[in-house]
$ cat entry_36.txt   # compact mmCIF, C-alpha atoms (C1' of nucleotides)
# COMPACT_ATOMS: atom_id res chain seq x y z
CA MET A 1 47.70 -2.75 7.57
CA LEU A 2 46.37 -2.89 11.09
CA LYS A 3 47.98 -4.82 13.88
CA VAL A 4 45.61 -7.59 14.72
CA ASN A 5 45.67 -9.16 18.10
CA SER A 6 45.30 -12.66 16.79
CA GLN A 7 42.64 -14.06 18.98
CA LYS A 8 40.31 -16.77 17.85
CA SER A 9 36.87 -16.53 16.48
CA LYS A 10 36.40 -12.90 15.63
CA VAL A 11 33.87 -12.26 12.92
CA ILE A 12 32.76 -8.96 11.50
CA VAL A 13 29.29 -8.58 10.05
CA ILE A 14 28.35 -5.84 7.59
CA LEU A 15 24.62 -5.55 7.15
CA GLY A 16 21.94 -3.17 5.97
CA PRO A 17 19.25 -2.82 3.33
CA THR A 18 19.93 -3.35 -0.37
CA ALA A 19 21.80 -0.58 -2.10
CA SER A 20 23.20 0.76 1.13
CA GLY A 21 26.79 0.14 0.06
CA LYS A 22 27.61 -2.95 2.08
CA SER A 23 29.72 -4.66 -0.53
CA SER A 24 32.05 -1.79 -1.20
CA LEU A 25 32.55 -1.18 2.50
CA ALA A 26 33.26 -4.85 3.03
CA VAL A 27 35.84 -5.00 0.29
CA LYS A 28 37.61 -1.89 1.53
CA LEU A 29 37.65 -3.36 4.98
CA ALA A 30 38.89 -6.73 3.81
CA GLU A 31 41.80 -5.07 2.08
CA LYS A 32 42.76 -3.24 5.23
CA ILE A 33 42.48 -5.98 7.80
CA HIS A 34 43.36 -9.06 5.85
CA GLY A 35 39.83 -10.29 5.63
CA GLU A 36 37.79 -12.55 3.45
CA ILE A 37 34.17 -12.07 2.61
CA VAL A 38 31.36 -14.50 3.31
CA ASN A 39 28.13 -13.81 1.51
CA ALA A 40 24.94 -13.52 3.56
CA ASP A 41 22.54 -12.81 0.76
CA SER A 42 20.00 -15.46 -0.06
CA ARG A 43 20.03 -14.71 -3.78
CA GLN A 44 23.70 -14.42 -4.50
CA VAL A 45 24.15 -18.09 -3.74
CA TYR A 46 22.66 -18.96 -7.11
CA LYS A 47 24.84 -19.61 -10.12
CA LYS A 48 24.14 -17.72 -13.33
CA MET A 49 22.22 -15.03 -11.51
CA ASP A 50 24.82 -12.31 -11.44
CA ILE A 51 23.49 -9.03 -12.70
CA GLY A 52 20.06 -9.16 -11.12
CA THR A 53 21.30 -10.13 -7.71
CA GLY A 54 23.97 -7.46 -7.66
CA LYS A 55 26.69 -10.08 -7.50
CA THR A 56 28.58 -8.76 -10.49
CA ASP A 57 30.86 -6.42 -8.56
CA SER A 58 31.93 -9.00 -6.05
CA LEU A 59 32.83 -11.49 -8.75
CA GLY A 60 35.58 -9.30 -10.11
CA SER A 61 37.17 -8.59 -6.74
CA LYS A 62 40.63 -9.68 -5.68
CA ILE A 63 39.37 -10.35 -2.19
CA PRO A 64 38.20 -13.93 -1.76
CA HIS A 65 34.44 -14.23 -1.60
CA HIS A 66 32.72 -17.29 -0.18
CA LEU A 67 29.25 -18.70 -0.70
CA LEU A 68 28.65 -17.05 -4.04
CA ASP A 69 27.60 -19.32 -6.88
CA ILE A 70 27.13 -22.42 -4.84
CA VAL A 71 23.84 -23.81 -6.14
CA PHE A 72 21.95 -24.01 -9.43
CA PRO A 73 18.77 -21.96 -9.68
CA ASP A 74 16.54 -25.01 -9.83
CA LYS A 75 17.94 -26.58 -6.69
CA PRO A 76 16.21 -25.86 -3.41
CA PHE A 77 18.25 -23.94 -0.94
CA SER A 78 17.49 -23.29 2.70
CA LEU A 79 18.43 -21.59 5.90
CA ALA A 80 19.91 -24.70 7.50
CA GLN A 81 22.03 -25.36 4.46
CA TYR A 82 23.22 -21.80 4.50
CA GLN A 83 24.11 -21.99 8.16
CA ARG A 84 26.19 -25.11 7.71
CA LEU A 85 28.07 -23.69 4.76
CA ALA A 86 28.61 -20.37 6.46
CA PHE A 87 30.07 -22.00 9.55
CA ARG A 88 32.33 -24.06 7.37
CA ALA A 89 33.53 -21.06 5.38
CA ILE A 90 34.08 -18.96 8.49
CA ASP A 91 35.99 -21.71 10.27
CA ASP A 92 38.14 -22.20 7.23
CA ILE A 93 39.00 -18.51 7.07
CA LEU A 94 39.79 -18.41 10.77
CA ARG A 95 42.00 -21.43 10.46
CA ARG A 96 44.09 -19.54 7.95
CA ASN A 97 44.34 -16.63 10.37
CA LYS A 98 42.25 -14.28 8.35
CA ILE A 99 39.23 -12.36 9.44
CA PRO A 100 35.83 -13.43 8.15
CA ILE A 101 33.59 -10.60 7.09
CA LEU A 102 29.99 -11.66 6.75
CA VAL A 103 28.18 -9.38 4.32
CA GLY A 104 24.58 -9.34 3.30
CA GLY A 105 21.03 -8.28 3.74
CA THR A 106 19.26 -11.51 4.55
CA GLY A 107 18.51 -10.95 8.20
CA LEU A 108 17.53 -14.49 8.99
CA TYR A 109 20.72 -15.89 7.50
CA ILE A 110 22.81 -13.48 9.52
CA ARG A 111 20.94 -14.33 12.66
CA ALA A 112 21.46 -18.03 12.06
CA VAL A 113 25.19 -17.40 12.18
CA VAL A 114 25.36 -14.71 14.84
CA ASP A 115 23.01 -16.35 17.32
CA ASN A 116 23.86 -19.88 16.32
CA LEU A 117 20.24 -20.76 15.79
CA ASP A 118 19.34 -24.33 16.53
CA ILE A 119 17.22 -25.07 13.50
CA PRO A 120 14.83 -28.01 13.93
CA LYS A 121 16.36 -30.93 12.09
CA VAL A 122 13.51 -31.70 9.81
CA LYS A 123 14.20 -31.39 6.11
CA PRO A 124 11.59 -29.79 3.92
CA ASN A 125 9.25 -32.47 2.71
CA ILE A 126 7.97 -31.33 -0.65
CA THR A 127 5.24 -33.94 -1.04
CA LEU A 128 3.87 -33.17 2.38
CA ARG A 129 3.99 -29.46 1.71
CA GLN A 130 2.18 -29.80 -1.57
CA LYS A 131 -0.50 -31.83 0.11
CA LEU A 132 -0.96 -29.34 2.93
CA GLU A 133 -0.73 -26.38 0.58
CA LYS A 134 -4.15 -27.24 -0.79
CA GLN A 135 -5.88 -26.67 2.51
CA THR A 136 -6.97 -23.34 3.88
CA ALA A 137 -4.95 -21.59 6.54
CA ALA A 138 -7.83 -22.03 8.99
CA LYS A 139 -7.81 -25.78 8.49
CA LEU A 140 -4.06 -26.00 8.86
CA PHE A 141 -4.26 -23.95 12.00
CA SER A 142 -6.85 -26.16 13.65
CA GLN A 143 -4.76 -29.17 12.77
CA LEU A 144 -1.73 -27.57 14.35
CA LYS A 145 -3.75 -26.72 17.42
CA LYS A 146 -4.44 -30.38 17.95
CA LEU A 147 -0.95 -31.65 17.23
CA ASP A 148 1.11 -28.84 18.69
CA PRO A 149 -0.91 -26.43 20.82
CA LYS A 150 2.17 -24.69 22.10
CA THR A 151 3.23 -23.55 18.67
CA ALA A 152 -0.36 -22.78 17.73
CA GLU A 153 -0.40 -20.19 20.46
CA ILE A 154 2.41 -18.14 19.04
CA ILE A 155 2.15 -18.82 15.34
CA ASP A 156 1.04 -16.37 12.68
CA TYR A 157 -2.11 -18.31 11.88
CA HIS A 158 -2.83 -16.59 8.59
CA ASN A 159 0.56 -17.42 7.23
CA LYS A 160 0.38 -20.70 5.37
CA ARG A 161 4.08 -20.93 4.94
CA ARG A 162 4.65 -20.86 8.68
CA LEU A 163 1.81 -23.27 9.32
CA LEU A 164 3.20 -25.66 6.75
CA ARG A 165 6.59 -25.69 8.33
CA ALA A 166 5.25 -26.10 11.85
CA LEU A 167 3.05 -28.99 10.77
CA GLU A 168 5.88 -30.55 8.84
CA VAL A 169 7.98 -30.62 11.99
CA VAL A 170 5.30 -32.08 14.25
CA LEU A 171 4.14 -34.62 11.74
CA ILE A 172 7.61 -35.92 11.05
CA LYS A 173 9.33 -35.50 14.38
CA HIS A 174 6.38 -35.65 16.73
CA THR A 175 7.86 -32.82 18.74
CA SER A 176 6.65 -29.28 19.23
CA PHE A 177 8.09 -26.90 16.68
CA ALA A 178 8.28 -24.07 19.17
CA GLU A 179 10.18 -26.21 21.64
CA LEU A 180 12.74 -27.20 19.07
CA GLN A 181 13.53 -23.61 18.22
CA LYS A 182 16.45 -22.59 20.33
CA THR A 183 19.69 -20.71 20.15
CA LYS A 184 22.93 -22.36 21.05
CA LYS A 185 26.05 -20.82 22.52
CA PRO A 186 27.49 -18.31 20.06
CA ARG A 187 30.37 -19.75 18.11
CA TYR A 188 32.13 -16.49 17.43
CA ASP A 189 32.95 -13.14 18.88
CA ILE A 190 30.97 -10.87 16.62
CA LEU A 191 30.85 -7.21 15.70
CA GLN A 192 27.84 -6.18 13.65
CA ILE A 193 28.03 -2.98 11.69
CA GLY A 194 24.89 -1.67 10.06
CA LEU A 195 24.74 0.80 7.21
CA LYS A 196 22.02 3.33 7.69
CA THR A 197 20.66 5.18 4.68
CA ASP A 198 17.96 7.77 4.40
CA ARG A 199 14.98 6.13 2.76
CA ALA A 200 14.40 8.76 0.12
CA ILE A 201 18.02 8.52 -0.94
CA LEU A 202 17.81 4.76 -0.85
CA ARG A 203 14.90 4.84 -3.25
CA GLN A 204 16.87 6.94 -5.71
CA ARG A 205 19.80 4.59 -5.46
CA ILE A 206 17.61 1.56 -6.00
CA GLU A 207 16.18 3.06 -9.14
CA LYS A 208 19.56 4.04 -10.48
CA ARG A 209 20.97 0.65 -9.72
CA PHE A 210 18.18 -1.19 -11.45
CA ILE A 211 18.54 0.87 -14.59
CA GLN A 212 22.23 0.15 -14.47
CA MET A 213 21.47 -3.57 -14.21
CA ILE A 214 19.44 -3.33 -17.39
CA LYS A 215 22.30 -1.54 -19.11
CA ASN A 216 24.61 -4.27 -17.90
CA GLY A 217 22.51 -6.91 -19.60
CA LEU A 218 19.79 -7.98 -17.22
CA LEU A 219 17.41 -8.67 -20.11
CA GLU A 220 19.88 -11.06 -21.69
CA GLU A 221 20.64 -12.74 -18.41
CA THR A 222 16.96 -13.27 -17.70
CA LYS A 223 16.31 -14.54 -21.19
CA LYS A 224 19.07 -17.11 -20.83
CA LEU A 225 17.79 -18.22 -17.44
CA LEU A 226 14.24 -18.58 -18.69
CA LYS A 227 15.41 -20.87 -21.45
CA LYS A 228 16.63 -23.32 -18.85
CA TYR A 229 14.50 -22.75 -15.80
CA PRO A 230 10.79 -22.34 -15.16
CA ALA A 231 9.67 -18.90 -14.07
CA ASN A 232 7.97 -20.17 -10.95
CA LEU A 233 11.13 -21.32 -9.21
CA PRO A 234 11.87 -19.47 -5.98
CA SER A 235 15.12 -18.28 -7.50
CA MET A 236 13.42 -17.04 -10.64
CA SER A 237 10.82 -15.06 -8.77
CA GLY A 238 13.46 -12.86 -7.21
CA ILE A 239 13.23 -9.13 -7.63
CA GLY A 240 14.07 -8.08 -11.15
CA TYR A 241 13.91 -11.50 -12.72
CA LEU A 242 10.19 -11.80 -12.16
CA GLU A 243 9.41 -8.37 -13.59
CA ILE A 244 11.78 -8.65 -16.53
CA GLY A 245 10.30 -12.07 -17.19
CA GLN A 246 6.86 -10.51 -17.39
CA TYR A 247 8.17 -7.93 -19.79
CA LEU A 248 9.83 -10.58 -21.97
CA ALA A 249 6.55 -12.50 -22.00
CA GLY A 250 4.83 -9.39 -23.33
CA GLU A 251 2.65 -8.93 -20.27
CA ILE A 252 3.91 -5.50 -19.27
CA SER A 253 5.99 -2.71 -20.73
CA LEU A 254 9.62 -2.27 -19.86
CA GLN A 255 8.79 0.92 -18.01
CA GLU A 256 6.23 -0.95 -15.94
CA ALA A 257 8.74 -3.69 -15.23
CA VAL A 258 11.20 -1.11 -13.99
CA ASN A 259 8.59 0.56 -11.81
CA ARG A 260 7.51 -2.70 -10.26
CA ALA A 261 11.00 -3.97 -9.64
CA VAL A 262 12.07 -0.69 -8.09
CA SER A 263 9.12 -0.51 -5.80
CA ARG A 264 9.46 -4.15 -4.81
CA THR A 265 13.09 -3.55 -3.97
CA TYR A 266 12.11 -0.55 -1.93
CA GLN A 267 9.57 -2.58 -0.01
CA TYR A 268 12.15 -5.23 0.56
CA ALA A 269 14.57 -2.64 1.91
CA LYS A 270 11.91 -1.59 4.38
CA ARG A 271 11.46 -5.16 5.59
CA GLN A 272 15.19 -5.50 6.02
CA THR A 273 15.31 -2.33 8.05
CA THR A 274 12.48 -3.56 10.27
CA TRP A 275 14.24 -6.82 10.84
CA PHE A 276 17.58 -5.30 11.80
CA LYS A 277 16.05 -2.60 13.96
CA LYS A 278 15.41 -5.04 16.77
CA ASP A 279 19.00 -6.12 17.19
CA GLU A 280 20.51 -3.77 19.74
CA ARG A 281 23.98 -5.12 19.20
CA ILE A 282 24.28 -3.58 15.77
CA LYS A 283 26.50 -0.52 15.52
CA TRP A 284 24.86 1.78 13.05
CA ILE A 285 26.88 4.07 10.84
CA SER A 286 25.79 6.45 8.11
CA LYS A 287 29.19 6.92 6.49
CA THR A 288 31.62 4.14 5.74
CA SER A 289 34.39 6.14 7.37
CA GLN A 290 32.68 5.67 10.70
CA ALA A 291 33.32 1.95 10.69
CA GLY A 292 36.99 2.29 11.54
CA LYS A 293 36.70 3.04 15.22
CA TYR A 294 34.39 0.13 15.89
CA ILE A 295 36.61 -2.26 13.98
CA LEU A 296 39.76 -1.11 15.74
CA ASN A 297 38.23 -1.53 19.15
CA PHE A 298 36.82 -4.87 18.28
CA LEU A 299 40.04 -6.30 16.94
CA LYS A 300 42.07 -4.94 19.83
CA LYS A 301 40.06 -6.33 22.66
C1' G B 302 -22.26 21.58 -32.65
C1' C B 303 -24.93 16.78 -31.68
C1' C B 304 -25.04 11.65 -29.47
C1' U B 305 -23.12 8.19 -25.90
C1' G B 306 -20.14 6.75 -21.71
C1' G B 307 -17.65 8.74 -17.66
C1' G B 308 -15.78 12.35 -13.63
C1' U B 309 -15.64 8.75 -5.96
C1' A B 310 -8.85 7.71 -1.48
C1' G B 311 -1.95 9.08 -4.44
C1' C B 312 -3.45 5.36 -8.88
C1' U B 313 -7.27 1.76 -11.12
C1' C B 314 -12.16 1.29 -10.10
C1' A B 315 -16.92 -0.77 -7.13
C1' G B 316 -21.25 1.20 -4.65
C1' U B 317 -25.62 3.55 -1.95
C1' G B 318 -31.88 8.42 -0.81
C1' G B 319 -29.62 8.58 5.47
C1' U B 320 -22.24 12.06 4.25
C1' A B 321 -18.80 5.59 1.25
C1' G B 322 -15.67 0.65 -0.11
C1' A B 323 -11.84 -2.90 -2.78
C1' G B 324 -7.12 -3.78 -5.14
C1' C B 325 -2.47 -1.42 -5.78
C1' G B 326 0.72 2.28 -3.69
C1' C B 327 2.17 4.36 0.99
C1' A B 328 3.06 3.80 6.52
C1' A B 329 3.99 0.55 10.70
C1' G B 330 4.94 -4.48 12.37
C1' A B 331 5.98 -10.03 12.45
C1' C B 332 9.61 -13.63 11.06
C1' U B 333 14.26 -20.52 13.25
C1' G B 334 15.21 -25.93 6.71
C1' A B 335 11.01 -21.26 0.51
C1' A B 336 13.20 -15.25 3.85
C1' A B 337 14.48 -10.60 -2.67
C1' A B 338 9.76 -15.20 0.27
C1' U B 339 5.38 -15.22 3.33
C1' C B 340 2.06 -12.83 6.66
C1' U B 341 -0.57 -8.86 10.00
C1' U B 342 -2.47 -3.90 11.00
C1' G B 343 -3.74 1.19 9.23
C1' G B 344 -8.78 4.60 4.68
C1' C B 345 -13.14 11.77 6.52
C1' G B 346 -12.02 11.41 0.94
C1' U B 347 -15.32 19.44 -0.54
C1' C B 348 -18.06 11.12 -3.91
C1' G B 349 -16.31 17.46 -10.76
C1' G B 350 -19.02 22.67 -9.69
C1' C B 351 -23.58 25.39 -8.76
C1' A B 352 -28.76 25.28 -7.95
C1' G B 353 -33.43 22.46 -7.14
C1' U B 354 -36.67 18.33 -5.09
C1' C B 355 -36.73 15.97 -0.35
C1' C B 356 -36.84 15.73 6.82
C1' G B 357 -32.15 14.34 4.42
C1' A B 358 -28.37 13.89 -1.68
C1' U B 359 -22.35 11.46 -3.26
C1' U B 360 -26.86 8.76 -4.86
C1' C B 361 -32.93 11.95 -8.11
C1' U B 362 -33.65 16.66 -11.50
C1' G B 363 -31.63 21.00 -14.16
C1' C B 364 -27.58 23.94 -15.75
C1' C B 365 -22.32 24.36 -16.16
C1' C B 366 -17.03 22.54 -16.42
C1' C B 367 -13.58 18.53 -17.72
C1' C B 368 -12.19 13.58 -20.08
C1' A B 369 -12.94 9.39 -23.68
C1' G B 370 -15.39 7.38 -27.97
C1' G B 371 -18.93 8.08 -32.10
C1' C B 372 -21.60 11.40 -35.67
C1' A B 373 -21.31 15.91 -38.21

$ encode --input "entry_36.txt" --output "structure tokens"
Amino acid sequence: MLKVNSQKSKVIVILGPTASGKSSLAVKLAEKIHGEIVNADSRQVYKKMDIGTGKTDSLGSKIPHHLLDIVFPDKPFSLAQYQRLAFRAIDDILRRNKIPILVGGTGLYIRAVVDNLDIPKVKPNITLRQKLEKQTAAKLFSQLKKLDPKTAEIIDYHNKRRLLRALEVVLIKHTSFAELQKTKKPRYDILQIGLKTDRAILRQRIEKRFIQMIKNGLLEETKKLLKKYPANLPSMSGIGYLEIGQYLAGEISLQEAVNRAVSRTYQYAKRQTTWFKKDERIKWISKTSQAGKYILNFLKK
RNA sequence: GCCUGGGUAGCUCAGUGGUAGAGCGCAAGACUGAAAAUCUUGGCGUCGGCAGUCCGAUUCUGCCCCCAGGCA
């Protein structure tokens, strides 16, 4: 075991696209440095969704994992909620003199923790959203322009989801959405390690992994979930569940479901890569063995 | 062998007498209470082959090749 200069507030982040090997690196690391893992994956928070989200491995681990299985699939979950829970879990681990290792692929969730995002304190208002949802993006945009010209200038005006949120904030809080979006002082001293994987290899791994999920019982898991939860829930439209659901409904063949899920995962991996690319603080490694030197330095300083 | 429908972007297909488009895929990007979501940008491809008509053919005509269905 390493000698750890027990300073406060050190957090290690392991990030990267799906199927890049984050979890196994994190567990190895946790064993070595007396760490505990905090999940930063937006899908692994759901209960009963184990195989399809790739949570299965983590569940059997001896290393404590936090923020897995914290909400039922039909309950809404959000960034702000995640941030609160993550801070709580991290603080708890630190209090016990262990090292928190944040692991996941949801870039926005990681950023919320790392940069201590100040998320506008306006809860999602479902009724309002449903009402606004019916209008065209153009209409929503012109409305936003009137109410909050500052945000209108920088917003993605084709993107209804963004428009909805921006309008929600102005309508409820009467303050500009853009102005409310800030970052606060970082809470922790953070080292971010990114796992880099060649895209062609990643694609192969994704395919292999998905087939393995099916062998592990993804069809059964999906069937069980569909008995209890509607297919249109955000949780149920996750990669794998959606496609297997379509297969179970007789809409597509199993082969087609596999193809679609694999290619959707691959596209997702691309988006993750794009997101992380911008963060210059990330130390990229291509082999897990390369993490050691960064970790040592970080814990020593 | 005959009849019919069809051969156009990696795939599925739309379309036009003045050398072409969509969806998907693929590539790149955005992202502050739905983020495995949502959104933006990117299309010269012997328009199956050869010949003919025409100022001009992917579009019309003829022949040939290939595919699907029907009749023998």

$ closest_residue --input "entry_36.txt" --among "B:A336, B:A352, B:C312, B:C345" --to "chain A" --atoms "all atoms listed in the file"
B:A336

$ closest_atom_pairs --input "entry_36.txt" --of "chain A" --to "chain B" --cutoff "8 Å" --atoms "all atoms listed in the file" --output "CSV"
residue,atom,partner,partner_atom,distance
A:Ser42,CA,B:A337,C1',7.8
A:Arg43,CA,B:A337,C1',7.0
A:Pro76,CA,B:A335,C1',8.0
A:Phe77,CA,B:A335,C1',7.9
A:Ser78,CA,B:G334,C1',5.3
A:Leu79,CA,B:G334,C1',5.5
A:Ala80,CA,B:G334,C1',4.9
A:Gln81,CA,B:G334,C1',7.2
A:Thr106,CA,B:A336,C1',7.2
A:Leu108,CA,B:A336,C1',6.8
A:Ala112,CA,B:U333,C1',7.7
A:Leu117,CA,B:U333,C1',6.5
A:Asp118,CA,B:U333,C1',7.1
A:Ile119,CA,B:U333,C1',5.4
A:Pro120,CA,B:G334,C1',7.5
A:Lys121,CA,B:G334,C1',7.4
A:Val122,CA,B:G334,C1',6.8
A:Lys123,CA,B:G334,C1',5.6
A:Pro124,CA,B:G334,C1',6.0
A:Asp156,CA,B:C340,C1',7.1
A:His158,CA,B:C340,C1',6.5
A:Asn159,CA,B:C340,C1',4.9
A:Lys160,CA,B:U339,C1',7.7
A:Arg161,CA,B:U339,C1',6.1
A:Arg162,CA,B:U339,C1',7.8
A:Gln181,CA,B:U333,C1',5.9
A:Lys182,CA,B:U333,C1',7.7
A:Pro234,CA,B:A335,C1',6.8
A:Gly238,CA,B:A337,C1',5.2
A:Ile239,CA,B:A337,C1',5.3
A:Thr265,CA,B:A337,C1',7.3
A:Tyr268,CA,B:A337,C1',6.7
A:Thr274,CA,B:G330,C1',7.9

$ closest_residue --input "entry_36.txt" --among "A:Gln255, A:Ser263, A:Ser289, A:Gln272" --to "B:C327" --atoms "all atoms listed in the file"
A:Ser263

$ residues_near_point --input "entry_36.txt" --point "(26.8, -4.8, 6.3)" --cutoff "8 Å" --atoms "only C-alpha atoms (C1' of nucleotides)" --output "PyMOL selection string"
chain A and resi 13-16+21-23+25-26+102-105+192-195

$ closest_residue --input "entry_36.txt" --among "A:Leu132, A:Ala19, A:Leu191, A:Leu226" --to "A:Leu296" --atoms "all atoms listed in the file"
A:Leu191

$ atom_distance --input "entry_36.txt" --atom1 "atom CA of A:Lys28" --atom2 "atom CA of A:Ala261"
28.9 Å

$ atom_distance --input "entry_36.txt" --atom1 "atom CA of A:Gln204" --atom2 "atom CA of A:Lys55"
19.7 Å

$ closest_residue --input "entry_36.txt" --among "A:Ile295, A:Ile63, A:Val113, A:Leu140" --to "A:Arg84" --atoms "all atoms listed in the file"
A:Val113

$ atom_distance --input "entry_36.txt" --atom1 "atom CA of A:Ser20" --atom2 "atom CA of A:Ile206"
9.1 Å

$ residues_around --input "entry_36.txt" --residues "B:C355" --least-positions-apart "4" --cutoff "12 Å" --atoms "only C-alpha atoms (C1' of nucleotides)" --output "PyMOL selection string"
chain B and resi 318-319+361-362

$ axis_aligned_box --input "entry_36.txt" --around "stretch 332-350 of chain B" --padding-each-side "6 Å" --output "JSON"
{"center_x": -1.9, "center_y": -1.6, "center_z": 1.2, "size_x": 46.2, "size_y": 60.6, "size_z": 36.0}

$ closest_residue --input "entry_36.txt" --among "A:Ser142, A:Arg203, A:Tyr188, A:Phe177" --to "A:Val262" --atoms "all atoms listed in the file"
A:Arg203

$ closest_residue --input "entry_36.txt" --among "A:Asp92, A:Tyr266, A:Leu164, A:Asn297" --to "A:Ile201" --atoms "only C-alpha atoms"
A:Tyr266

$ residues_around --input "entry_36.txt" --residues "stretch 313-316 of chain B" --least-positions-apart "3" --cutoff "12 Å" --atoms "only C-alpha atoms (C1' of nucleotides)" --output "count of residues only"
12

$ residues_around --input "entry_36.txt" --residues "A:Thr175" --least-positions-apart "6" --cutoff "10 Å" --atoms "all atoms listed in the file" --output "list in words"
Pro120, Leu147, Asp148, Ala166 and Val169 of chain A

$ decode --input "entry_36.txt" --residues "stretch 189-202 of chain A" --atoms "N, CA and C atoms" --output "PDB file, in the first residue's frame"
ATOM      1  N   ASP A 189      -9.344  19.016  -4.414  1.00  0.00           N
ATOM      2  CA  ASP A 189      -8.133  18.978  -5.218  1.00  0.00           C
ATOM      3  C   ASP A 189      -8.279  17.741  -6.093  1.00  0.00           C
ATOM      4  N   ILE A 190      -8.303  17.951  -7.404  1.00  0.00           N
ATOM      5  CA  ILE A 190      -8.705  16.844  -8.273  1.00  0.00           C
ATOM      6  C   ILE A 190      -7.655  16.443  -9.299  1.00  0.00           C
ATOM      7  N   LEU A 191      -7.511  15.155  -9.474  1.00  0.00           N
ATOM      8  CA  LEU A 191      -6.699  14.609 -10.568  1.00  0.00           C
ATOM      9  C   LEU A 191      -7.642  13.852 -11.485  1.00  0.00           C
ATOM     10  N   GLN A 192      -7.654  14.234 -12.767  1.00  0.00           N
ATOM     11  CA  GLN A 192      -8.510  13.527 -13.716  1.00  0.00           C
ATOM     12  C   GLN A 192      -7.653  12.675 -14.638  1.00  0.00           C
ATOM     13  N   ILE A 193      -7.961  11.394 -14.643  1.00  0.00           N
ATOM     14  CA  ILE A 193      -7.244  10.491 -15.537  1.00  0.00           C
ATOM     15  C   ILE A 193      -8.216   9.981 -16.595  1.00  0.00           C
ATOM     16  N   GLY A 194      -7.826  10.122 -17.847  1.00  0.00           N
ATOM     17  CA  GLY A 194      -8.696   9.696 -18.930  1.00  0.00           C
ATOM     18  C   GLY A 194      -8.140   8.471 -19.634  1.00  0.00           C
ATOM     19  N   LEU A 195      -9.009   7.528 -19.919  1.00  0.00           N
ATOM     20  CA  LEU A 195      -8.582   6.333 -20.644  1.00  0.00           C
ATOM     21  C   LEU A 195      -8.836   6.519 -22.131  1.00  0.00           C
ATOM     22  N   LYS A 196      -7.764   6.448 -22.866  1.00  0.00           N
ATOM     23  CA  LYS A 196      -7.841   6.659 -24.304  1.00  0.00           C
ATOM     24  C   LYS A 196      -7.872   5.286 -24.975  1.00  0.00           C
ATOM     25  N   THR A 197      -8.778   5.125 -25.927  1.00  0.00           N
ATOM     26  CA  THR A 197      -8.819   3.853 -26.647  1.00  0.00           C
ATOM     27  C   THR A 197      -8.994   4.121 -28.127  1.00  0.00           C
ATOM     28  N   ASP A 198      -8.291   3.408 -28.922  1.00  0.00           N
ATOM     29  CA  ASP A 198      -8.435   3.508 -30.368  1.00  0.00           C
ATOM     30  C   ASP A 198      -9.877   3.169 -30.740  1.00  0.00           C
ATOM     31  N   ARG A 199     -10.444   3.975 -31.623  1.00  0.00           N
ATOM     32  CA  ARG A 199     -11.876   3.844 -31.888  1.00  0.00           C
ATOM     33  C   ARG A 199     -12.269   2.525 -32.532  1.00  0.00           C
ATOM     34  N   ALA A 200     -11.421   2.024 -33.397  1.00  0.00           N
ATOM     35  CA  ALA A 200     -11.734   0.751 -34.043  1.00  0.00           C
ATOM     36  C   ALA A 200     -11.764  -0.366 -32.999  1.00  0.00           C
ATOM     37  N   ILE A 201     -10.808  -0.308 -32.099  1.00  0.00           N
ATOM     38  CA  ILE A 201     -10.766  -1.317 -31.037  1.00  0.00           C
ATOM     39  C   ILE A 201     -11.962  -1.156 -30.111  1.00  0.00           C
ATOM     40  N   LEU A 202     -12.297   0.092 -29.848  1.00  0.00           N
ATOM     41  CA  LEU A 202     -13.434   0.370 -28.985  1.00  0.00           C
ATOM     42  C   LEU A 202     -14.704  -0.247 -29.566  1.00  0.00           C
TER      43      LEU A 202
END
